[in-house]
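A.B. asks: Got a structure for you, input-v4.cif, holding mmCIF, C-alpha atoms (C1' of nucleotides).
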```
data_protein
loop_
_atom_site.group_PDB
_atom_site.id
_atom_site.type_symbol
_atom_site.label_atom_id
_atom_site.label_comp_id
_atom_site.auth_asym_id
_atom_site.auth_seq_id
_atom_site.Cartn_x
_atom_site.Cartn_y
_atom_site.Cartn_z
ATOM 1 C CA MET A 14 117.697 142.942 96.471
ATOM 2 C CA GLN A 15 115.338 141.842 99.213
ATOM 3 C CA THR A 16 112.825 139.495 97.678
ATOM 4 C CA SER A 17 111.045 138.031 100.669
ATOM 5 C CA ARG A 18 110.372 138.741 104.291
ATOM 6 C CA MET A 19 109.240 135.337 105.456
ATOM 7 C CA ALA A 20 110.220 131.859 104.403
ATOM 8 C CA GLY A 21 109.826 128.227 105.401
ATOM 9 C CA VAL A 22 109.507 124.661 104.265
ATOM 10 C CA PHE A 23 106.465 124.259 102.066
ATOM 11 C CA GLY A 24 105.758 121.398 99.731
ATOM 12 C CA GLY A 25 108.976 119.691 100.676
ATOM 13 C CA GLN A 26 111.159 122.504 99.477
ATOM 14 C CA GLN A 27 112.298 125.850 100.662
ATOM 15 C CA VAL A 28 109.967 128.515 99.372
ATOM 16 C CA ASP A 29 108.975 131.971 100.418
ATOM 17 C CA PHE A 30 105.399 132.745 101.246
ATOM 18 C CA LEU A 31 105.331 136.236 99.874
ATOM 19 C CA ARG A 32 106.902 135.660 96.502
ATOM 20 C CA MET A 33 106.360 132.816 94.088
ATOM 21 C CA ARG A 34 109.071 131.806 91.639
ATOM 22 C CA ALA A 35 108.255 130.953 88.075
ATOM 23 C CA GLU A 36 109.702 127.494 88.684
ATOM 24 C CA THR A 37 106.514 126.597 90.540
ATOM 25 C CA LEU A 38 104.407 127.316 87.498
ATOM 26 C CA ARG A 39 106.853 126.055 84.931
ATOM 27 C CA GLY A 40 105.334 125.866 81.501
ATOM 28 C CA HIS A 41 102.926 128.707 82.154
ATOM 29 C CA LEU A 42 105.424 131.549 82.355
ATOM 30 C CA ASP A 43 105.241 132.098 78.599
ATOM 31 C CA ALA A 44 101.473 132.433 78.795
ATOM 32 C CA MET A 45 101.710 134.971 81.587
ATOM 33 C CA LEU A 46 104.326 136.990 79.741
ATOM 34 C CA LEU A 47 102.098 137.128 76.668
ATOM 35 C CA SER A 48 99.172 137.987 78.912
ATOM 36 C CA VAL A 49 100.790 141.105 80.442
ATOM 37 C CA LEU A 50 101.650 142.326 76.936
ATOM 38 C CA GLU A 51 98.079 141.915 75.756
ATOM 39 C CA SER A 52 96.948 145.417 76.658
ATOM 40 C CA GLU A 53 100.122 147.338 75.821
ATOM 41 C CA PRO A 54 103.791 146.900 74.851
ATOM 42 C CA LEU A 55 106.202 146.936 77.779
ATOM 43 C CA HIS A 56 109.930 146.674 78.389
ATOM 44 C CA GLY A 57 111.524 143.891 80.432
ATOM 45 C CA TYR A 58 111.709 145.608 83.758
ATOM 46 C CA ALA A 59 108.146 146.862 83.488
ATOM 47 C CA ILE A 60 107.036 143.314 82.667
ATOM 48 C CA ILE A 61 108.572 142.039 85.898
ATOM 49 C CA GLU A 62 106.749 144.798 87.793
ATOM 50 C CA ALA A 63 103.484 143.994 86.019
ATOM 51 C CA LEU A 64 103.810 140.327 87.008
ATOM 52 C CA LYS A 65 104.239 141.414 90.622
ATOM 53 C CA GLN A 66 101.332 143.806 90.612
ATOM 54 C CA ARG A 67 98.841 141.620 88.798
ATOM 55 C CA SER A 68 99.583 138.757 91.209
ATOM 56 C CA ASP A 69 99.212 140.934 94.299
ATOM 57 C CA GLY A 70 102.929 140.838 94.960
ATOM 58 C CA GLU A 71 103.134 137.044 94.852
ATOM 59 C CA LEU A 72 105.071 136.598 91.646
ATOM 60 C CA ASP A 73 108.744 137.488 91.715
ATOM 61 C CA VAL A 74 110.468 136.401 88.534
ATOM 62 C CA PRO A 75 114.232 137.043 88.378
ATOM 63 C CA THR A 76 115.810 138.829 85.428
ATOM 64 C CA GLY A 77 117.767 135.703 84.558
ATOM 65 C CA THR A 78 114.417 134.091 83.832
ATOM 66 C CA VAL A 79 112.533 136.922 82.165
ATOM 67 C CA TYR A 80 115.061 138.266 79.676
ATOM 68 C CA PRO A 81 115.953 134.877 78.146
ATOM 69 C CA ALA A 82 112.237 134.004 78.061
ATOM 70 C CA LEU A 83 111.406 137.189 76.158
ATOM 71 C CA ARG A 84 114.121 136.448 73.605
ATOM 72 C CA ARG A 85 112.812 132.933 73.241
ATOM 73 C CA LEU A 86 109.297 134.215 72.611
ATOM 74 C CA GLU A 87 110.631 136.694 70.076
ATOM 75 C CA ARG A 88 112.588 133.961 68.313
ATOM 76 C CA ALA A 89 109.371 131.936 68.193
ATOM 77 C CA GLY A 90 107.611 134.857 66.518
ATOM 78 C CA PHE A 91 105.199 135.607 69.367
ATOM 79 C CA LEU A 92 106.840 138.915 70.300
ATOM 80 C CA ARG A 93 108.489 141.756 68.439
ATOM 81 C CA SER A 94 110.982 144.077 70.124
ATOM 82 C CA ASP A 95 112.412 147.458 69.274
ATOM 83 C CA TRP A 96 114.749 149.801 71.064
ATOM 84 C CA SER A 97 113.297 153.105 72.053
ATOM 85 C CA ASN A 98 114.682 156.018 73.971
ATOM 86 C CA VAL A 99 112.247 156.756 76.771
ATOM 87 C CA GLY A 100 113.204 159.585 79.103
ATOM 88 C CA GLY A 101 116.785 159.507 77.867
ATOM 89 C CA ARG A 102 117.149 155.794 78.616
ATOM 90 C CA GLU A 103 117.465 152.923 76.219
ATOM 91 C CA ARG A 104 114.662 150.423 76.557
ATOM 92 C CA ARG A 105 113.892 147.323 74.603
ATOM 93 C CA THR A 106 110.142 147.292 74.301
ATOM 94 C CA TYR A 107 108.298 144.076 73.551
ATOM 95 C CA ALA A 108 104.968 143.856 71.761
ATOM 96 C CA LEU A 109 102.612 140.979 70.932
ATOM 97 C CA THR A 110 102.541 139.885 67.303
ATOM 98 C CA GLY A 111 99.536 138.379 65.567
ATOM 99 C CA ALA A 112 100.985 134.937 66.145
ATOM 100 C CA GLY A 113 101.514 135.929 69.768
ATOM 101 C CA LYS A 114 97.836 136.779 70.177
ATOM 102 C CA ARG A 115 96.828 133.452 68.706
ATOM 103 C CA GLU A 116 99.351 131.723 70.946
ATOM 104 C CA LEU A 117 97.894 133.444 73.988
ATOM 105 C CA THR A 118 94.429 132.201 73.074
ATOM 106 C CA ALA A 119 95.788 128.690 72.673
ATOM 107 C CA GLN A 120 97.570 128.927 76.018
ATOM 108 C CA ARG A 121 94.372 130.003 77.749
ATOM 109 C CA GLY A 122 92.688 126.862 76.486
ATOM 110 C CA GLN A 123 95.672 124.792 77.529
ATOM 111 C CA TRP A 124 95.572 126.257 81.017
ATOM 112 C CA ARG A 125 91.878 125.514 81.425
ATOM 113 C CA ARG A 126 92.625 121.923 80.503
ATOM 114 C CA VAL A 127 95.527 121.597 82.903
ATOM 115 C CA ALA A 128 93.592 123.211 85.754
ATOM 116 C CA ARG A 129 90.663 120.880 85.212
ATOM 117 C CA THR A 130 92.914 117.821 85.169
ATOM 118 C CA VAL A 131 95.045 118.630 88.200
ATOM 119 C CA THR A 132 92.004 119.717 90.175
ATOM 120 C CA ALA A 133 90.446 116.340 89.430
ATOM 121 C CA PHE A 134 93.289 114.836 91.475
ATOM 122 C CA LEU A 135 93.993 117.459 94.105
ATOM 123 C CA GLY A 136 90.633 119.159 94.539
ATOM 124 C CA ASN A 137 90.017 122.853 94.239
ATOM 125 C CA MET B 6 101.402 101.138 71.754
ATOM 126 C CA GLN B 7 98.833 103.512 70.346
ATOM 127 C CA THR B 8 98.648 106.534 72.602
ATOM 128 C CA SER B 9 96.505 108.924 70.607
ATOM 129 C CA ARG B 10 94.024 108.956 67.804
ATOM 130 C CA MET B 11 94.006 112.621 66.890
ATOM 131 C CA ALA B 12 96.691 115.247 66.967
ATOM 132 C CA GLY B 13 97.419 118.788 65.839
ATOM 133 C CA VAL B 14 99.165 122.037 66.596
ATOM 134 C CA PHE B 15 97.929 123.430 69.893
ATOM 135 C CA GLY B 16 99.618 126.066 71.954
ATOM 136 C CA GLY B 17 102.412 126.400 69.433
ATOM 137 C CA GLN B 18 103.554 122.837 69.801
ATOM 138 C CA GLN B 19 102.539 119.437 68.644
ATOM 139 C CA VAL B 20 100.190 117.895 71.171
ATOM 140 C CA ASP B 21 97.514 115.299 71.085
ATOM 141 C CA PHE B 22 94.001 116.163 72.062
ATOM 142 C CA LEU B 23 93.136 112.920 73.723
ATOM 143 C CA ARG B 24 96.182 112.442 75.916
ATOM 144 C CA MET B 25 98.027 114.952 77.995
ATOM 145 C CA ARG B 26 101.709 114.523 78.760
ATOM 146 C CA ALA B 27 103.112 115.211 82.177
ATOM 147 C CA GLU B 28 105.256 117.931 80.595
ATOM 148 C CA THR B 29 102.184 120.140 80.415
ATOM 149 C CA LEU B 30 101.702 119.969 84.148
ATOM 150 C CA ARG B 31 105.323 119.924 85.088
ATOM 151 C CA GLY B 32 105.850 120.295 88.783
ATOM 152 C CA HIS B 33 102.516 118.749 89.673
ATOM 153 C CA LEU B 34 103.202 115.193 88.609
ATOM 154 C CA ASP B 35 104.578 114.343 92.042
ATOM 155 C CA ALA B 36 101.398 115.586 93.672
ATOM 156 C CA MET B 37 99.250 113.497 91.367
ATOM 157 C CA LEU B 38 101.345 110.400 91.969
ATOM 158 C CA LEU B 39 100.955 110.834 95.723
ATOM 159 C CA SER B 40 97.271 111.490 95.188
ATOM 160 C CA VAL B 41 96.562 108.196 93.406
ATOM 161 C CA LEU B 42 98.355 106.348 96.207
ATOM 162 C CA GLU B 43 96.256 108.034 98.876
ATOM 163 C CA SER B 44 93.521 105.414 98.937
ATOM 164 C CA GLU B 45 95.628 102.305 98.391
ATOM 165 C CA PRO B 46 99.144 101.088 97.495
ATOM 166 C CA LEU B 47 99.665 100.380 93.802
ATOM 167 C CA HIS B 48 102.430 99.168 91.493
ATOM 168 C CA GLY B 49 103.862 101.295 88.675
ATOM 169 C CA TYR B 50 101.759 100.043 85.833
ATOM 170 C CA ALA B 51 98.575 100.315 87.891
ATOM 171 C CA ILE B 52 99.539 103.893 88.771
ATOM 172 C CA ILE B 53 99.775 104.788 85.087
ATOM 173 C CA GLU B 54 96.351 103.239 84.539
ATOM 174 C CA ALA B 55 94.913 105.092 87.536
ATOM 175 C CA LEU B 56 96.207 108.391 86.147
ATOM 176 C CA LYS B 57 94.445 107.636 82.870
ATOM 177 C CA GLN B 58 91.175 106.636 84.480
ATOM 178 C CA ARG B 59 90.930 109.436 87.018
ATOM 179 C CA SER B 60 91.578 112.011 84.270
ATOM 180 C CA ASP B 61 88.969 110.544 81.931
ATOM 181 C CA GLY B 62 91.645 109.184 79.625
ATOM 182 C CA GLU B 63 93.405 112.517 79.240
ATOM 183 C CA LEU B 64 96.603 111.785 81.117
ATOM 184 C CA ASP B 65 99.109 109.492 79.460
ATOM 185 C CA VAL B 66 102.398 109.452 81.332
ATOM 186 C CA PRO B 67 105.190 107.348 79.773
ATOM 187 C CA THR B 68 107.093 104.768 81.812
ATOM 188 C CA GLY B 69 110.284 106.750 81.352
ATOM 189 C CA THR B 70 108.631 109.454 83.396
ATOM 190 C CA VAL B 71 106.735 107.454 86.010
ATOM 191 C CA TYR B 72 109.341 104.931 87.153
ATOM 192 C CA PRO B 73 112.119 107.463 87.768
ATOM 193 C CA ALA B 74 109.572 109.733 89.483
ATOM 194 C CA LEU B 75 108.495 106.954 91.839
ATOM 195 C CA ARG B 76 112.113 106.240 92.755
ATOM 196 C CA ARG B 77 112.691 109.918 93.350
ATOM 197 C CA LEU B 78 109.689 110.105 95.672
ATOM 198 C CA GLU B 79 110.890 107.028 97.516
ATOM 199 C CA ARG B 80 114.360 108.512 97.917
ATOM 200 C CA ALA B 81 112.697 111.624 99.309
ATOM 201 C CA GLY B 82 110.894 109.490 101.885
ATOM 202 C CA PHE B 83 107.396 110.119 100.565
ATOM 203 C CA LEU B 84 106.883 106.578 99.310
ATOM 204 C CA ARG B 85 107.884 103.121 100.467
ATOM 205 C CA SER B 86 108.121 100.202 98.055
ATOM 206 C CA ASP B 87 108.253 96.466 98.515
ATOM 207 C CA TRP B 88 108.298 93.585 96.113
ATOM 208 C CA SER B 89 105.320 91.325 96.263
ATOM 209 C CA ASN B 90 104.286 88.349 94.246
ATOM 210 C CA VAL B 91 100.794 89.041 92.961
ATOM 211 C CA GLY B 92 99.259 86.348 90.767
ATOM 212 C CA GLY B 93 102.645 84.753 90.208
ATOM 213 C CA ARG B 94 104.159 87.995 88.962
ATOM 214 C CA GLU B 95 106.744 90.183 90.637
ATOM 215 C CA ARG B 96 105.459 93.642 91.336
ATOM 216 C CA ARG B 97 107.047 96.563 93.083
ATOM 217 C CA THR B 98 104.231 98.080 95.070
ATOM 218 C CA TYR B 99 104.425 101.675 96.263
ATOM 219 C CA ALA B 100 102.714 103.021 99.377
ATOM 220 C CA LEU B 101 102.428 106.480 100.924
ATOM 221 C CA THR B 102 104.506 107.090 104.045
ATOM 222 C CA GLY B 103 103.548 109.500 106.805
ATOM 223 C CA ALA B 104 105.829 112.093 105.280
ATOM 224 C CA GLY B 105 104.159 111.380 101.929
ATOM 225 C CA LYS B 106 100.739 112.166 103.370
ATOM 226 C CA ARG B 107 101.983 115.426 104.799
ATOM 227 C CA GLU B 108 103.644 116.210 101.493
ATOM 228 C CA LEU B 109 100.386 115.587 99.656
ATOM 229 C CA THR B 110 98.614 118.036 101.939
ATOM 230 C CA ALA B 111 101.324 120.611 101.310
ATOM 231 C CA GLN B 112 101.095 120.031 97.562
ATOM 232 C CA ARG B 113 97.337 120.582 97.616
ATOM 233 C CA GLY B 114 97.919 123.987 99.167
ATOM 234 C CA GLN B 115 100.644 124.714 96.661
ATOM 235 C CA TRP B 116 98.344 123.834 93.795
ATOM 236 C CA ARG B 117 95.584 126.105 95.062
ATOM 237 C CA ARG B 118 98.090 128.927 95.139
ATOM 238 C CA VAL B 119 99.390 128.260 91.643
ATOM 239 C CA ALA B 120 95.896 127.915 90.221
ATOM 240 C CA ARG B 121 94.809 131.198 91.785
ATOM 241 C CA THR B 122 97.867 133.009 90.442
ATOM 242 C CA VAL B 123 97.793 131.710 86.888
ATOM 243 C CA THR B 124 94.042 132.188 86.670
ATOM 244 C CA ALA B 125 94.566 135.820 87.663
ATOM 245 C CA PHE B 126 96.449 136.196 84.380
ATOM 246 C CA LEU B 127 94.701 133.803 82.049
ATOM 247 C CA GLY B 128 91.179 133.748 83.388
ATOM 248 C CA ASN B 129 89.259 130.673 84.420
ATOM 249 C "C1'" DG C 13 129.477 160.997 97.012
ATOM 250 C "C1'" DA C 14 126.766 157.128 98.182
ATOM 251 C "C1'" DC C 15 123.013 154.297 97.630
ATOM 252 C "C1'" DG C 16 118.670 152.325 96.140
ATOM 253 C "C1'" DA C 17 115.800 151.915 92.254
ATOM 254 C "C1'" DT C 18 115.695 151.391 87.458
ATOM 255 C "C1'" DA C 19 117.336 148.796 83.504
ATOM 256 C "C1'" DT C 20 119.462 144.952 80.451
ATOM 257 C "C1'" DG C 21 121.808 141.120 79.958
ATOM 258 C "C1'" DT C 22 125.035 136.435 80.024
ATOM 259 C "C1'" DA C 23 127.263 131.980 81.695
ATOM 260 C "C1'" DG C 24 126.694 127.943 83.901
ATOM 261 C "C1'" DC C 25 123.982 124.681 86.540
ATOM 262 C "C1'" DG C 26 120.286 121.519 88.194
ATOM 263 C "C1'" DT C 27 116.301 118.982 87.257
ATOM 264 C "C1'" DG C 28 112.125 117.125 85.471
ATOM 265 C "C1'" DC C 29 110.234 114.929 81.688
ATOM 266 C "C1'" DA C 30 110.502 112.371 77.297
ATOM 267 C "C1'" DA C 31 112.109 109.198 73.476
ATOM 268 C "C1'" DA C 32 114.099 105.130 72.667
ATOM 269 C "C1'" DC C 33 115.626 100.989 74.059
ATOM 270 C "C1'" DA C 34 115.739 96.461 76.692
ATOM 271 C "C1'" DT C 35 113.455 92.572 78.771
ATOM 272 C "C1'" DA C 36 110.002 89.286 80.358
ATOM 273 C "C1'" DT C 37 105.339 87.212 81.395
ATOM 274 C "C1'" DT C 38 100.310 86.407 80.541
ATOM 275 C "C1'" DG C 39 96.172 85.537 77.930
ATOM 276 C "C1'" DG C 40 93.695 84.936 73.840
ATOM 277 C "C1'" DC C 41 93.105 83.643 69.274
ATOM 278 C "C1'" DA C 42 94.011 81.414 64.901
ATOM 279 C "C1'" DT D 11 101.704 75.556 68.181
ATOM 280 C "C1'" DG D 12 102.785 80.104 67.111
ATOM 281 C "C1'" DC D 13 101.840 84.930 67.276
ATOM 282 C "C1'" DC D 14 100.598 89.178 69.190
ATOM 283 C "C1'" DA D 15 98.616 92.553 72.316
ATOM 284 C "C1'" DA D 16 98.445 93.679 76.922
ATOM 285 C "C1'" DT D 17 100.748 93.606 81.188
ATOM 286 C "C1'" DA D 18 104.894 94.832 83.729
ATOM 287 C "C1'" DT D 19 109.553 97.092 85.100
ATOM 288 C "C1'" DG D 20 113.177 99.490 84.190
ATOM 289 C "C1'" DT D 21 117.674 102.397 82.093
ATOM 290 C "C1'" DT D 22 120.112 105.647 79.070
ATOM 291 C "C1'" DT D 23 120.502 109.786 77.035
ATOM 292 C "C1'" DG D 24 119.208 114.290 75.810
ATOM 293 C "C1'" DC D 25 116.692 118.634 76.015
ATOM 294 C "C1'" DA D 26 114.479 122.681 77.633
ATOM 295 C "C1'" DC D 27 113.385 125.687 81.213
ATOM 296 C "C1'" DG D 28 114.149 128.366 85.065
ATOM 297 C "C1'" DC D 29 117.586 129.843 88.668
ATOM 298 C "C1'" DT D 30 121.896 131.666 90.746
ATOM 299 C "C1'" DA D 31 125.417 134.562 90.289
ATOM 300 C "C1'" DC D 32 127.676 137.828 87.929
ATOM 301 C "C1'" DA D 33 128.425 142.101 85.048
ATOM 302 C "C1'" DT D 34 127.246 146.726 83.715
ATOM 303 C "C1'" DA D 35 125.131 151.281 83.571
ATOM 304 C "C1'" DT D 36 121.907 155.307 84.542
ATOM 305 C "C1'" DC D 37 118.723 158.137 87.456
ATOM 306 C "C1'" DG D 38 117.073 160.396 91.543
ATOM 307 C "C1'" DT D 39 117.653 161.561 96.147
ATOM 308 C "C1'" DC D 40 119.836 162.367 100.487
#
```
Can I see the file as structure tokens?

C.D. replies:
Amino acid sequence: MQTSRMAGVFGGQQVDFLRMRAETLRGHLDAMLLSVLESEPLHGYAIIEALKQRSDGELDVPTGTVYPALRRLERAGFLRSDWSNVGGRERRTYALTGAGKRELTAQRGQWRRVARTVTAFLGN
Amino acid sequence: MQTSRMAGVFGGQQVDFLRMRAETLRGHLDAMLLSVLESEPLHGYAIIEALKQRSDGELDVPTGTVYPALRRLERAGFLRSDWSNVGGRERRTYALTGAGKRELTAQRGQWRRVARTVTAFLGN
DNA sequence: GACGATATGTAGCGTGCAAACATATTGGCA
DNA sequence: TGCCAATATGTTTGCACGCTACATATCGTC
């Protein structure tokens, strides 16, 4: 799968300019996953698409990152999943739990804090 | 050493409200280290203090994080260190190299990008 | 029939950060 | 004089997260 059309050295490491990996925002992937499930339940593939769309095509998170992360969040009680047959295809659909909603709120606060702190050093 | 006076469950994990660990801002610690060395060379302990002061006491990065990070940045060519005897005590003082300055600039851009993206999901 | 998009997943790896440990000097106070 | 907190530098070990690469299968279209 073609994931980028232009690449270069940026920030001391090889990155692509069109697509951002979750590695760059490590620690905030969980929050973003919860965030895209806030409005409606989605299945894994649709979540990856939603991350792309809501970031204007910048975020490209590989399946090897998303699927384990979803399972982790389910194990933690923040998500609930059930298999459903949509259009003749098996899909595991994830939905936010009550704990997941509270977690999302907490993560929003956490993000505000982090952003404020890092910006104090690097500017905005 | 006392590192916090108040703690609780926040964001699903045990954190302290007064001091933020580098874990929370994983991936941006390097940028902040370079940033505190922008104005003047400092030794490890002074760097930890600078991080605390410039974040209004929020940032508390343990030595087991800072010292290896400084060595890593030196190995990468972003910092240069030399031993100096200050006040009769041996101190390894770190200074930004040319490459380090360029890296800092790159990291600022990177941070802007990350902040924009995450904020698109979590709000500001 | 081939291929790209859709769809779900695992195994193994690299790395950044942290806890715990180890050591030594300086300054102040009792 | 003895004690302790602050100052100061580091290593060892382990963990968790995200990535690469791999594996599999269906659907729609040309």

A.B. asks: Show me which bits of chain A are within 9 Å of chain C, counting only C-alpha atoms (C1' of nucleotides), as a list in words.

C.D. replies: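 Matching residues, ligands excluded from the count: Gly57, Tyr58, Thr76, Gly77, Tyr80, Pro81, Arg102, Glu103, Arg104 and Arg105 of chain A.
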
A.B. asks: Go through the shown structure with the PyMOL selection byres ((chain D and resi 27-30) around 7) and write out the matching residues as a ChimeraX atom specification.

C.D. replies: /A:36,78 /D:26,31

A.B. asks: May I ask for the distance between CA of His56 (chain A) and C1' of DC32 (chain D), given in Å to one decimal place?

C.D. replies: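 So the two atoms, CA of His56 (chain A) and C1' of DC32 (chain D), lie 22.0 Å apart.
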
A.B. asks: Could you write out as a PyMOL selection string the residues that the PyMOL selection byres ((chain A) within 8 of (chain B)) matches in the shown file?

C.D. replies: chain A and resi 23-25+37-41+44-45+48-49+67-68+71+116-117+119-121+123-125+127-128+130-131+133-137

A.B. asks: Please report as a list of chain:residue names which residues of chain D come no farther than 10 Å from chain B, using all atoms listed in the file.

C.D. replies: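 Output check: D:DA15, D:DA16, D:DT17, D:DA18, D:DT19, D:DG20, D:DT21.
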
A.B. asks: Please measure the separation of CA of Leu109 (chain A) and CA of Arg85 (chain A), giving the value in Å to one decimal.

C.D. replies: 13.2 Å

A.B. asks: If you measure from CA of Ala55 (chain B) to CA of Asn90 (chain B), what distance in Å do you get, rounded to one decimal?

C.D. replies: 20.3 Å

A.B. asks: Rank A:Leu92, A:Tyr107, A:Leu86, A:Ile61 by their smallest atom-to-atom distance to Val74 (chain A), using only C-alpha atoms, and report the top residue only.

C.D. replies: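 Distance minimum relative to Val74 (chain A) lands on A:Ile61.
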
A.B. asks: Could you add whatever atoms are missing so that region 81-99 of chain A carries N, CA and C atoms, then write the result as a PDB file, in the frame of the given file?

C.D. replies:
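In the end it all went to rebuild.pdb:
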```
ATOM      1  N   PRO A  81     115.835 135.997  79.097  1.00  0.00           N
ATOM      2  CA  PRO A  81     115.953 134.877  78.146  1.00  0.00           C
ATOM      3  C   PRO A  81     114.596 134.417  77.623  1.00  0.00           C
ATOM      4  N   ALA A  82     113.569 134.440  78.482  1.00  0.00           N
ATOM      5  CA  ALA A  82     112.237 134.004  78.061  1.00  0.00           C
ATOM      6  C   ALA A  82     111.679 134.924  76.983  1.00  0.00           C
ATOM      7  N   LEU A  83     111.885 136.221  77.155  1.00  0.00           N
ATOM      8  CA  LEU A  83     111.406 137.189  76.158  1.00  0.00           C
ATOM      9  C   LEU A  83     112.084 136.964  74.812  1.00  0.00           C
ATOM     10  N   ARG A  84     113.382 136.709  74.853  1.00  0.00           N
ATOM     11  CA  ARG A  84     114.121 136.448  73.605  1.00  0.00           C
ATOM     12  C   ARG A  84     113.617 135.176  72.934  1.00  0.00           C
ATOM     13  N   ARG A  85     113.334 134.193  73.760  1.00  0.00           N
ATOM     14  CA  ARG A  85     112.812 132.933  73.241  1.00  0.00           C
ATOM     15  C   ARG A  85     111.477 133.154  72.538  1.00  0.00           C
ATOM     16  N   LEU A  86     110.615 133.932  73.189  1.00  0.00           N
ATOM     17  CA  LEU A  86     109.297 134.215  72.611  1.00  0.00           C
ATOM     18  C   LEU A  86     109.411 135.045  71.338  1.00  0.00           C
ATOM     19  N   GLU A  87     110.426 135.904  71.293  1.00  0.00           N
ATOM     20  CA  GLU A  87     110.631 136.694  70.076  1.00  0.00           C
ATOM     21  C   GLU A  87     111.125 135.785  68.945  1.00  0.00           C
ATOM     22  N   ARG A  88     112.056 134.901  69.293  1.00  0.00           N
ATOM     23  CA  ARG A  88     112.588 133.961  68.313  1.00  0.00           C
ATOM     24  C   ARG A  88     111.473 133.088  67.752  1.00  0.00           C
ATOM     25  N   ALA A  89     110.490 132.783  68.608  1.00  0.00           N
ATOM     26  CA  ALA A  89     109.371 131.936  68.193  1.00  0.00           C
ATOM     27  C   ALA A  89     108.345 132.711  67.375  1.00  0.00           C
ATOM     28  N   GLY A  90     108.524 134.058  67.321  1.00  0.00           N
ATOM     29  CA  GLY A  90     107.611 134.857  66.518  1.00  0.00           C
ATOM     30  C   GLY A  90     106.401 135.381  67.271  1.00  0.00           C
ATOM     31  N   PHE A  91     106.351 135.182  68.575  1.00  0.00           N
ATOM     32  CA  PHE A  91     105.199 135.607  69.367  1.00  0.00           C
ATOM     33  C   PHE A  91     105.337 137.047  69.844  1.00  0.00           C
ATOM     34  N   LEU A  92     106.594 137.534  69.883  1.00  0.00           N
ATOM     35  CA  LEU A  92     106.840 138.915  70.300  1.00  0.00           C
ATOM     36  C   LEU A  92     107.712 139.616  69.266  1.00  0.00           C
ATOM     37  N   ARG A  93     107.619 140.933  69.248  1.00  0.00           N
ATOM     38  CA  ARG A  93     108.489 141.756  68.439  1.00  0.00           C
ATOM     39  C   ARG A  93     109.088 142.790  69.381  1.00  0.00           C
ATOM     40  N   SER A  94     110.379 143.090  69.230  1.00  0.00           N
ATOM     41  CA  SER A  94     110.982 144.077  70.124  1.00  0.00           C
ATOM     42  C   SER A  94     111.646 145.183  69.317  1.00  0.00           C
ATOM     43  N   ASP A  95     111.616 146.388  69.865  1.00  0.00           N
ATOM     44  CA  ASP A  95     112.412 147.458  69.274  1.00  0.00           C
ATOM     45  C   ASP A  95     112.937 148.377  70.370  1.00  0.00           C
ATOM     46  N   TRP A  96     114.124 148.897  70.107  1.00  0.00           N
ATOM     47  CA  TRP A  96     114.749 149.801  71.064  1.00  0.00           C
ATOM     48  C   TRP A  96     114.117 151.168  70.930  1.00  0.00           C
ATOM     49  N   SER A  97     113.827 151.745  72.083  1.00  0.00           N
ATOM     50  CA  SER A  97     113.297 153.105  72.053  1.00  0.00           C
ATOM     51  C   SER A  97     113.937 153.893  73.192  1.00  0.00           C
ATOM     52  N   ASN A  98     114.090 155.171  72.959  1.00  0.00           N
ATOM     53  CA  ASN A  98     114.682 156.018  73.971  1.00  0.00           C
ATOM     54  C   ASN A  98     113.577 156.722  74.750  1.00  0.00           C
ATOM     55  N   VAL A  99     113.312 156.195  75.945  1.00  0.00           N
ATOM     56  CA  VAL A  99     112.247 156.756  76.771  1.00  0.00           C
ATOM     57  C   VAL A  99     112.865 157.487  77.956  1.00  0.00           C
TER      58      VAL A  99
END
```
